[in-house]
Amino acid sequence: MRAAVFQKGGFEIENLPAPNPGPGQMLVRPLVCGICGSDLHTRHHAQHLANLLHRAGFRGFMNPDLPVVLGHEFCCEIIDYGSGCERRVPIGHRVIGLPFMAGPEGMVLLGYSNVFNGAFAEQMILQESATFPVPDHVPTDVAALAEPLAVAVHAVAASTPGPDCAFVVYGCGPVGLFVIARLRYLGLGPILAVDPDAARRRFAEALGADVVTAPSPEHVGAWWDKQGAPLGVSDAAAARAAGVARRRPIIFECVGKPGLLKSIAEEAPAGASMVVVGLCMSPDIIEPSYLIQKQIAMRFVFAYDAEEFAEAARMLGKDPARLAPLVTGHETLERVSSAFDLLERGGSQAKVLIRPT
């Protein structure tokens, strides 16, 4: 089978042995696969990313000195089953699934494993128990959005939102846009979206942001003030004493750049909760005493669990057309590098999908 093999910072199309499904596994043909922000980081910082995951105790994460086939945001067609499978979904039908497998060192992450290849290939192996059938009315491109949407489902749940909240989303790349879509799906708001790119701000508006703005401490501060959530400690105390109606401020950081946590804290109302979703690969400096004075809580989140993935799939099934515009392009295996280049330039692109076959 053909695959885009990543090694030493680049991709090469190679012919690899076709995988064989073991007990409880299915052999599938990837139809489309999205490119994740983590994939973009991997191209330039594979050693650093692997070191972080190994330090965190993820034994099954890839060895970046060895070849790896990326791709973990997939929609696939079933080719065959291994032994001991329930065969819940007929061969030839489409599935999506959690990109996790049981490997020799414990759990491995498909797309970041030297044992099992990811979806930038003509075939791959999935754990049958971790897959979900794709309803006929859900397009293949939309089905492939379930994995990144599950990240947003997890992030929103971690914020413990409610009808008394107001939300600011920093960064309108795919993760930030999925967070906005998830909040609106749950009937939550108001939402302010902050991004320097006009095209991404338009995406945010289309998905339900009430107000969009380029980065601007003045605009953000004025918006929080309208929600009864002033930035300063004294103003917040005065508002409480006067009985001013106040929304509970929740902030999502979906960018992942050094210095952003500190600047967001300065733009945050006293008592705000911040959920950090953006993958910052560099050491960052915050001022704990400043966060203490404003009583700002930070929660760092990663991935999702099986029920959150299932909830993302249900959400897509209820309104497939809503997130369909986020798929802004397709490329072949031969043009994986070009697709990465395109996404790294930013701008009007949201989700570019690879078609391996």
# chains A, B, ... in the order shown; residues from 1 in each chain; ligands from 1
>>> residues_around(residues="Phe252 of chain A", least_positions_apart="2", cutoff="6 Å", atoms="only C-alpha atoms", output="PyMOL selection string")
chain A and resi 169+274-275
>>> write_last_selection(atoms="C-alpha atoms", output="PDB file, in the first residue's frame")
ATOM      1  CA  VAL A 169     -12.644  32.481  22.389  1.00  0.00           C
ATOM      2  CA  MET A 274      -9.494  30.107  31.448  1.00  0.00           C
ATOM      3  CA  VAL A 275      -9.462  26.804  29.543  1.00  0.00           C
TER       4      VAL A 275
END
>>> residues_around(residues="Phe132 of chain A", least_positions_apart="5", cutoff="8 Å", atoms="only C-alpha atoms", output="list in words")
Val95, Ile96, Gly97 and Ala310 of chain A
>>> write_last_selection(atoms="C-alpha atoms", output="PDB file, in the first residue's frame")
ATOM      1  CA  VAL A  95     -16.790   4.336  10.127  1.00  0.00           C
ATOM      2  CA  ILE A  96     -15.079   6.931  12.261  1.00  0.00           C
ATOM      3  CA  GLY A  97     -13.250   6.153  15.453  1.00  0.00           C
ATOM      4  CA  ALA A 310     -19.553   9.726  20.675  1.00  0.00           C
TER       5      ALA A 310
END
>>> atom_distance(atom1="atom CA of Leu342 of chain A", atom2="atom CA of Ala181 of chain A")
23.9 Å
>>> residues_around(residues="Gly189 of chain A", least_positions_apart="2", cutoff="7 Å", atoms="only C-alpha atoms", output="PyMOL selection string")
chain A and resi 165-167+183-184+187+191
>>> closest_residue(among="A:Gln295, A:Gly106, A:Val233, A:Pro356", to="Arg29 of chain A", atoms="only C-alpha atoms")
A:Pro356
>>> residues_around(residues="segment 143-155 of chain A", least_positions_apart="6", cutoff="6 Å", atoms="only C-alpha atoms", output="ChimeraX atom specification")
/A:73-75,178-179,303-304,308-309,312-313
>>> closest_residue(among="A:Ala272, A:Val115, A:Met26, A:Ala306", to="Gly60 of chain A", atoms="only C-alpha atoms")
A:Val115
>>> residues_around(residues="Phe6 of chain A", least_positions_apart="6", cutoff="7 Å", atoms="only C-alpha atoms", output="PyMOL selection string")
chain A and resi 12+67-69
>>> atom_distance(atom1="atom CA of Ile180 of chain A", atom2="atom CA of Thr332 of chain A")
29.6 Å
>>> closest_residue(among="A:Pro99, A:Glu77, A:Ile250, A:Arg201", to="Gly162 of chain A", atoms="only C-alpha atoms")
A:Ile250
>>> select_by_dssp(residues="segment 148-243 of chain A", states="strand (DSSP E or B)", output="VMD selection string")
chain A and resid 165 to 170 191 to 194 211 to 213
>>> select_by_dssp(residues="segment 20-231 of chain A", states="alpha helix (DSSP H)", output="PyMOL selection string")
chain A and resi 37-55+140-143+146-158+174-185+198-207+217-226
>>> atom_distance(atom1="atom CA of Arg355 of chain A", atom2="atom CA of Gly111 of chain A")
15.3 Å
>>> residues_around(residues="Gly10 of chain A", least_positions_apart="2", cutoff="12 Å", atoms="only C-alpha atoms", output="MDAnalysis selection string")
chainID A and resid 4:8 12:13 39:40 42:46 64 67:70 335:338 340:341
>>> write_last_selection(atoms="N, CA and C atoms", output="compact mmCIF listing (two decimals), in the first residue's frame")
# COMPACT_ATOMS: atom_id res chain seq x y z
N ALA A 4 2.14 8.23 2.94
CA ALA A 4 3.02 9.39 3.09
C ALA A 4 3.77 9.20 4.40
N VAL A 5 5.03 8.81 4.31
CA VAL A 5 5.82 8.47 5.49
C VAL A 5 6.60 9.70 5.94
N PHE A 6 6.46 10.01 7.21
CA PHE A 6 7.15 11.17 7.79
C PHE A 6 8.42 10.71 8.49
N GLN A 7 9.53 11.37 8.17
CA GLN A 7 10.79 11.12 8.86
C GLN A 7 11.74 12.28 8.59
N LYS A 8 12.42 12.71 9.65
CA LYS A 8 13.42 13.77 9.55
C LYS A 8 12.84 15.05 8.96
N GLU A 12 7.70 11.39 2.41
CA GLU A 12 8.02 10.65 1.20
C GLU A 12 6.93 9.62 0.95
N ILE A 13 6.51 9.47 -0.31
CA ILE A 13 5.54 8.45 -0.65
C ILE A 13 6.29 7.12 -0.78
N ASP A 39 -0.22 17.93 14.06
CA ASP A 39 0.55 17.46 12.91
C ASP A 39 1.49 18.55 12.42
N LEU A 40 0.99 19.80 12.38
CA LEU A 40 1.84 20.91 11.94
C LEU A 40 3.02 21.09 12.88
N THR A 42 4.34 18.72 14.62
CA THR A 42 5.21 17.56 14.48
C THR A 42 6.21 17.74 13.35
N ARG A 43 5.80 18.38 12.26
CA ARG A 43 6.71 18.51 11.13
C ARG A 43 7.98 19.25 11.53
N HIS A 44 7.86 20.24 12.41
CA HIS A 44 9.02 21.06 12.76
C HIS A 44 9.59 20.74 14.14
N HIS A 45 8.78 20.11 15.00
CA HIS A 45 9.21 19.92 16.40
C HIS A 45 8.95 18.49 16.87
N ALA A 46 9.19 17.51 16.02
CA ALA A 46 8.86 16.13 16.37
C ALA A 46 9.61 15.67 17.62
N PRO A 64 10.53 9.65 17.30
CA PRO A 64 10.63 10.48 16.09
C PRO A 64 11.83 10.16 15.21
N PRO A 67 10.48 6.00 11.18
CA PRO A 67 9.40 6.45 10.29
C PRO A 67 8.04 6.36 10.98
N VAL A 68 7.15 7.27 10.62
CA VAL A 68 5.79 7.26 11.15
C VAL A 68 4.84 7.76 10.06
N VAL A 69 3.64 7.20 10.04
CA VAL A 69 2.59 7.66 9.12
C VAL A 69 1.56 8.42 9.95
N LEU A 70 1.47 9.73 9.72
CA LEU A 70 0.57 10.59 10.48
C LEU A 70 -0.88 10.39 10.02
N ARG A 335 0.66 15.37 -2.21
CA ARG A 335 0.70 16.80 -1.91
C ARG A 335 0.49 17.09 -0.42
N VAL A 336 0.84 16.12 0.42
CA VAL A 336 0.72 16.35 1.86
C VAL A 336 1.58 17.53 2.30
N SER A 337 2.81 17.59 1.83
CA SER A 337 3.69 18.70 2.22
C SER A 337 3.10 20.04 1.80
N SER A 338 2.54 20.11 0.60
CA SER A 338 1.93 21.36 0.13
C SER A 338 0.74 21.74 0.99
N PHE A 340 0.36 21.02 4.17
CA PHE A 340 0.91 21.54 5.43
C PHE A 340 1.37 22.98 5.24
N ASP A 341 2.05 23.25 4.13
CA ASP A 341 2.51 24.61 3.86
C ASP A 341 1.33 25.58 3.82
>>> residues_around(residues="Tyr170 of chain A", least_positions_apart="5", cutoff="7 Å", atoms="only C-alpha atoms", output="ChimeraX atom specification")
/A:193-195,252-255
>>> decode(residues="segment 108-130 of chain A", atoms="N, CA and C atoms", output="CSV table (one decimal), in the first residue's frame")
chain,number,residue,atom,x,y,z
A,108,VAL,N,-1.5,3.3,22.3
A,108,VAL,CA,-0.8,4.1,21.3
A,108,VAL,C,-1.8,5.0,20.6
A,109,LEU,N,-1.3,6.1,20.1
A,109,LEU,CA,-2.1,7.1,19.4
A,109,LEU,C,-1.9,6.9,17.9
A,110,LEU,N,-2.9,6.5,17.2
A,110,LEU,CA,-2.8,6.4,15.7
A,110,LEU,C,-2.4,7.7,15.1
A,111,GLY,N,-1.4,7.6,14.2
A,111,GLY,CA,-0.9,8.9,13.6
A,111,GLY,C,0.4,9.3,14.3
A,112,TYR,N,0.6,8.8,15.5
A,112,TYR,CA,1.8,9.1,16.2
A,112,TYR,C,2.4,7.8,16.8
A,113,SER,N,2.4,6.8,16.0
A,113,SER,CA,2.9,5.5,16.4
A,113,SER,C,3.8,4.9,15.4
A,114,ASN,N,4.8,4.2,15.9
A,114,ASN,CA,5.7,3.5,15.0
A,114,ASN,C,5.3,2.1,14.7
A,115,VAL,N,4.2,1.6,15.4
A,115,VAL,CA,3.7,0.3,15.3
A,115,VAL,C,2.5,0.2,14.4
A,116,PHE,N,1.5,1.1,14.5
A,116,PHE,CA,0.4,1.2,13.7
A,116,PHE,C,0.4,2.5,12.9
A,117,ASN,N,0.2,2.4,11.5
A,117,ASN,CA,0.2,3.6,10.7
A,117,ASN,C,-1.1,4.4,10.9
A,118,GLY,N,-1.0,5.7,10.7
A,118,GLY,CA,-2.2,6.6,10.7
A,118,GLY,C,-2.8,6.6,9.3
A,119,ALA,N,-3.7,7.6,9.1
A,119,ALA,CA,-4.6,7.6,7.9
A,119,ALA,C,-4.0,8.3,6.7
A,120,PHE,N,-2.8,8.7,6.7
A,120,PHE,CA,-2.1,9.2,5.5
A,120,PHE,C,-1.6,8.0,4.7
A,121,ALA,N,-2.5,7.1,4.5
A,121,ALA,CA,-2.1,5.8,3.9
A,121,ALA,C,-3.3,5.2,3.2
A,122,GLU,N,-3.1,4.2,2.3
A,122,GLU,CA,-4.2,3.6,1.7
A,122,GLU,C,-5.0,2.6,2.5
A,123,GLN,N,-4.4,2.1,3.6
A,123,GLN,CA,-5.0,1.2,4.5
A,123,GLN,C,-4.5,1.4,5.9
A,124,MET,N,-5.3,1.0,6.9
A,124,MET,CA,-4.9,1.1,8.3
A,124,MET,C,-5.7,0.2,9.1
A,125,ILE,N,-5.3,0.0,10.4
A,125,ILE,CA,-6.0,-0.9,11.3
A,125,ILE,C,-6.7,0.0,12.4
A,126,LEU,N,-7.9,-0.4,12.7
A,126,LEU,CA,-8.7,0.3,13.8
A,126,LEU,C,-9.1,-0.8,14.8
A,127,GLN,N,-9.3,-0.4,16.1
A,127,GLN,CA,-9.9,-1.2,17.1
A,127,GLN,C,-11.4,-1.2,16.9
A,128,GLU,N,-12.0,-2.3,16.6
A,128,GLU,CA,-13.4,-2.3,16.3
A,128,GLU,C,-14.3,-1.7,17.4
A,129,SER,N,-13.9,-1.9,18.7
A,129,SER,CA,-14.7,-1.4,19.8
A,129,SER,C,-14.6,0.1,19.9
A,130,ALA,N,-13.7,0.8,19.2
A,130,ALA,CA,-13.5,2.2,19.3
A,130,ALA,C,-14.1,2.9,18.1
